[in-house]
Amino acid sequence: MKRPVTRRLQATLATAAVGAVGAAIVVALPTPQASAATGSATGYATQNGGTTGGAGGQTVRATTGTQIHAALCSRASSSTPITIQVEGTINHGNTSKVSGGSCNTADGVIELKQISNVSIIGVGSGAVFDQLGIHIREASNIIIQNVTIRNVKKSGSPTSNGGDAIGMESGVRNVWVDHVTLEASGGESEGFDGLFDMKDNTQYVTLSYSILRNSGRGGLVGSSESDLSNGYITYHHNLYENIDSRTPLLRGGTAHIYNNHYVSLNESGINSRAGAKAKVENNYFKNSKDVLGTFYTSERGYWQVAGNIFDNVTWSSPGTDNYPAGPNPQSNTSVSIPYPYSLDGANCVPS
């Protein structure tokens, strides 16, 4: 469902804009930034055989999108492990299609299609994908770490990846996204879509220690009420800031959502619907509205809650297509988690 970008989101972005007489207005990138990545996969990405990306394979360096594609295409096969270290700004001007037997790439998007066993890691002074999204399709065992992806558009110019910063679809398995920053500069009316989207049978994904901000839509699992083949997603230790809705939107499937910090969710937050089940524990919600429930549909979802802190959270009244979990959220299902994990206290999450 199309949701308007709120005045609150627009006001925040306007505050961030810095202008000068005779100069173009630019939007400053606020802190914090996601810090360097460490360790190995966590959450549901450890299941189904685990997620190791390009471990054990060649390591190459890329400073353009074309070089990323060339590295994929130079492999012996589409499953030969490879780690691609990325530094600098990746944009439309330096991202072209490269052909080869071990790849299936396209202009204007980083295309991880019909491949497996790949790591993309930001190094050095950092890697920024500017107005350019990462598309994972018919792929498995993918790691993305330590990058910033910003201002990817689905309308206007230039466009990339359907407007998603990171989008996964069509039988994707085992993806770990860690220590990344995903951000936009508005909502659908400004040409942006989701920051972290999964659809069409995507499973065993973890998003950890990342920042998602300044967007109308945080992300979804399932593109419609009939797209229920997705699931087993873990979201932990992420900051969602100044997001209108979808943190995430869950259609069917199972999600484990713990130790996240939610600040300024302007319309709704975790939207569990169409039979989805979410285990929501030890998160910190601040200055937000309707942070958990079923919204914009009569197809109800479910949640198990424990240890969360609700700091200045407001709740709307129940009504047609609107079923907030608050003001006193209670569990209406039980979710079994198959992997070990350690919880931080919710009061520690903001720091």
# chains A, B, ... in the order shown; residues from 1 in each chain; ligands from 1
$ select_by_dssp --residues "segment 266-313 of chain A" --states "strand (DSSP E)" --output "PyMOL selection string"
chain A and resi 270-273+277-281+284-289+292-295+302-306+309-313
$ write_last_selection --atoms "N, CA, C and O atoms" --output "JSON list (two decimals), in the first residue's frame"
[["chain", "number", "residue", "atom", "x", "y", "z"],
["A", 270, "ILE", "N", 6.94, -2.39, 13.28],
["A", 270, "ILE", "CA", 6.92, -3.81, 12.92],
["A", 270, "ILE", "C", 5.48, -4.18, 12.57],
["A", 270, "ILE", "O", 4.60, -4.17, 13.44],
["A", 271, "ASN", "N", 5.24, -4.50, 11.32],
["A", 271, "ASN", "CA", 3.89, -4.76, 10.81],
["A", 271, "ASN", "C", 3.79, -6.23, 10.44],
["A", 271, "ASN", "O", 4.16, -6.65, 9.35],
["A", 272, "SER", "N", 3.31, -7.04, 11.38],
["A", 272, "SER", "CA", 3.19, -8.48, 11.18],
["A", 272, "SER", "C", 1.79, -8.79, 10.67],
["A", 272, "SER", "O", 0.80, -8.52, 11.35],
["A", 273, "ARG", "N", 1.69, -9.35, 9.48],
["A", 273, "ARG", "CA", 0.39, -9.57, 8.85],
["A", 273, "ARG", "C", 0.39, -10.84, 8.01],
["A", 273, "ARG", "O", 1.42, -11.48, 7.82],
["A", 277, "LYS", "N", 4.83, -14.50, 11.84],
["A", 277, "LYS", "CA", 5.13, -14.63, 13.25],
["A", 277, "LYS", "C", 6.46, -13.94, 13.53],
["A", 277, "LYS", "O", 7.45, -14.18, 12.84],
["A", 278, "ALA", "N", 6.46, -13.08, 14.55],
["A", 278, "ALA", "CA", 7.67, -12.34, 14.90],
["A", 278, "ALA", "C", 7.97, -12.51, 16.38],
["A", 278, "ALA", "O", 7.08, -12.33, 17.21],
["A", 279, "LYS", "N", 9.20, -12.86, 16.69],
["A", 279, "LYS", "CA", 9.67, -12.84, 18.07],
["A", 279, "LYS", "C", 10.38, -11.51, 18.28],
["A", 279, "LYS", "O", 11.41, -11.23, 17.66],
["A", 280, "VAL", "N", 9.81, -10.67, 19.14],
["A", 280, "VAL", "CA", 10.25, -9.28, 19.29],
["A", 280, "VAL", "C", 10.71, -9.11, 20.74],
["A", 280, "VAL", "O", 9.91, -9.03, 21.66],
["A", 281, "GLU", "N", 12.02, -9.05, 20.94],
["A", 281, "GLU", "CA", 12.51, -9.06, 22.31],
["A", 281, "GLU", "C", 13.69, -8.10, 22.52],
["A", 281, "GLU", "O", 14.57, -7.95, 21.66],
["A", 284, "TYR", "N", 14.45, -1.35, 21.90],
["A", 284, "TYR", "CA", 14.18, -0.05, 22.52],
["A", 284, "TYR", "C", 13.49, 0.84, 21.48],
["A", 284, "TYR", "O", 14.07, 1.17, 20.45],
["A", 285, "PHE", "N", 12.23, 1.20, 21.77],
["A", 285, "PHE", "CA", 11.43, 2.05, 20.89],
["A", 285, "PHE", "C", 11.30, 3.43, 21.51],
["A", 285, "PHE", "O", 10.92, 3.55, 22.68],
["A", 286, "LYS", "N", 11.60, 4.48, 20.75],
["A", 286, "LYS", "CA", 11.58, 5.83, 21.31],
["A", 286, "LYS", "C", 10.92, 6.81, 20.33],
["A", 286, "LYS", "O", 11.14, 6.76, 19.12],
["A", 287, "ASN", "N", 10.08, 7.69, 20.88],
["A", 287, "ASN", "CA", 9.48, 8.79, 20.11],
["A", 287, "ASN", "C", 8.83, 8.28, 18.82],
["A", 287, "ASN", "O", 9.10, 8.78, 17.72],
["A", 288, "SER", "N", 7.99, 7.29, 18.95],
["A", 288, "SER", "CA", 7.44, 6.61, 17.78],
["A", 288, "SER", "C", 5.96, 6.32, 17.95],
["A", 288, "SER", "O", 5.40, 6.45, 19.04],
["A", 289, "LYS", "N", 5.33, 5.87, 16.86],
["A", 289, "LYS", "CA", 3.90, 5.58, 16.83],
["A", 289, "LYS", "C", 3.66, 4.15, 16.34],
["A", 289, "LYS", "O", 4.30, 3.71, 15.38],
["A", 292, "LEU", "N", 4.29, -1.77, 16.81],
["A", 292, "LEU", "CA", 4.07, -3.20, 16.60],
["A", 292, "LEU", "C", 2.58, -3.44, 16.42],
["A", 292, "LEU", "O", 1.75, -2.86, 17.13],
["A", 293, "GLY", "N", 2.24, -4.33, 15.48],
["A", 293, "GLY", "CA", 0.85, -4.69, 15.26],
["A", 293, "GLY", "C", 0.62, -5.17, 13.85],
["A", 293, "GLY", "O", 1.57, -5.50, 13.12],
["A", 294, "THR", "N", -0.66, -5.22, 13.48],
["A", 294, "THR", "CA", -1.05, -5.47, 12.09],
["A", 294, "THR", "C", -1.70, -4.19, 11.58],
["A", 294, "THR", "O", -2.66, -3.70, 12.18],
["A", 295, "PHE", "N", -1.17, -3.68, 10.47],
["A", 295, "PHE", "CA", -1.64, -2.39, 9.95],
["A", 295, "PHE", "C", -1.92, -2.47, 8.46],
["A", 295, "PHE", "O", -1.27, -3.21, 7.72],
["A", 302, "TYR", "N", 1.09, -12.23, 13.90],
["A", 302, "TYR", "CA", 1.26, -12.64, 15.30],
["A", 302, "TYR", "C", 2.64, -12.21, 15.80],
["A", 302, "TYR", "O", 3.56, -11.94, 15.04],
["A", 303, "TRP", "N", 2.76, -12.15, 17.15],
["A", 303, "TRP", "CA", 4.02, -11.75, 17.75],
["A", 303, "TRP", "C", 4.17, -12.34, 19.14],
["A", 303, "TRP", "O", 3.21, -12.61, 19.83],
["A", 304, "GLN", "N", 5.42, -12.57, 19.50],
["A", 304, "GLN", "CA", 5.79, -12.93, 20.87],
["A", 304, "GLN", "C", 6.70, -11.81, 21.37],
["A", 304, "GLN", "O", 7.69, -11.46, 20.72],
["A", 305, "VAL", "N", 6.36, -11.21, 22.49],
["A", 305, "VAL", "CA", 7.09, -10.04, 22.98],
["A", 305, "VAL", "C", 7.67, -10.31, 24.36],
["A", 305, "VAL", "O", 7.07, -11.00, 25.19],
["A", 306, "ALA", "N", 8.87, -9.73, 24.58],
["A", 306, "ALA", "CA", 9.49, -9.84, 25.90],
["A", 306, "ALA", "C", 10.60, -8.80, 26.00],
["A", 306, "ALA", "O", 11.37, -8.61, 25.06],
["A", 309, "ILE", "N", 11.41, -2.01, 25.63],
["A", 309, "ILE", "CA", 11.16, -0.72, 26.28],
["A", 309, "ILE", "C", 10.45, 0.19, 25.29],
["A", 309, "ILE", "O", 10.89, 0.35, 24.15],
["A", 310, "PHE", "N", 9.35, 0.79, 25.75],
["A", 310, "PHE", "CA", 8.56, 1.71, 24.93],
["A", 310, "PHE", "C", 8.65, 3.09, 25.57],
["A", 310, "PHE", "O", 8.02, 3.37, 26.59],
["A", 311, "ASP", "N", 9.48, 3.95, 24.98],
["A", 311, "ASP", "CA", 9.80, 5.26, 25.52],
["A", 311, "ASP", "C", 9.13, 6.33, 24.65],
["A", 311, "ASP", "O", 9.55, 6.57, 23.52],
["A", 312, "ASN", "N", 8.08, 6.93, 25.19],
["A", 312, "ASN", "CA", 7.31, 7.94, 24.45],
["A", 312, "ASN", "C", 6.76, 7.36, 23.14],
["A", 312, "ASN", "O", 6.91, 7.94, 22.06],
["A", 313, "VAL", "N", 6.12, 6.22, 23.27],
["A", 313, "VAL", "CA", 5.46, 5.57, 22.13],
["A", 313, "VAL", "C", 3.96, 5.82, 22.23],
["A", 313, "VAL", "O", 3.36, 5.63, 23.29]]
$ residues_around --residues "segment 173-175 of chain A" --least-positions-apart "4" --cutoff "10 Å" --atoms "only C-alpha atoms" --output "ChimeraX atom specification"
/A:41,44-53,116-119,136-144,168-169,201-207,230,232-233
$ closest_residue --among "A:Ser125, A:Gln58, A:Asn332, A:Ser74" --to "Glu87 of chain A" --atoms "only C-alpha atoms"
A:Ser125
$ closest_residue --among "A:Arg61, A:His179, A:His236, A:Lys153" --to "Gln131 of chain A" --atoms "only C-alpha atoms"
A:Lys153
$ closest_residue --among "A:Ile243, A:Ile134, A:Leu250, A:Val172" --to "Ser185 of chain A" --atoms "only C-alpha atoms"
A:Ile243
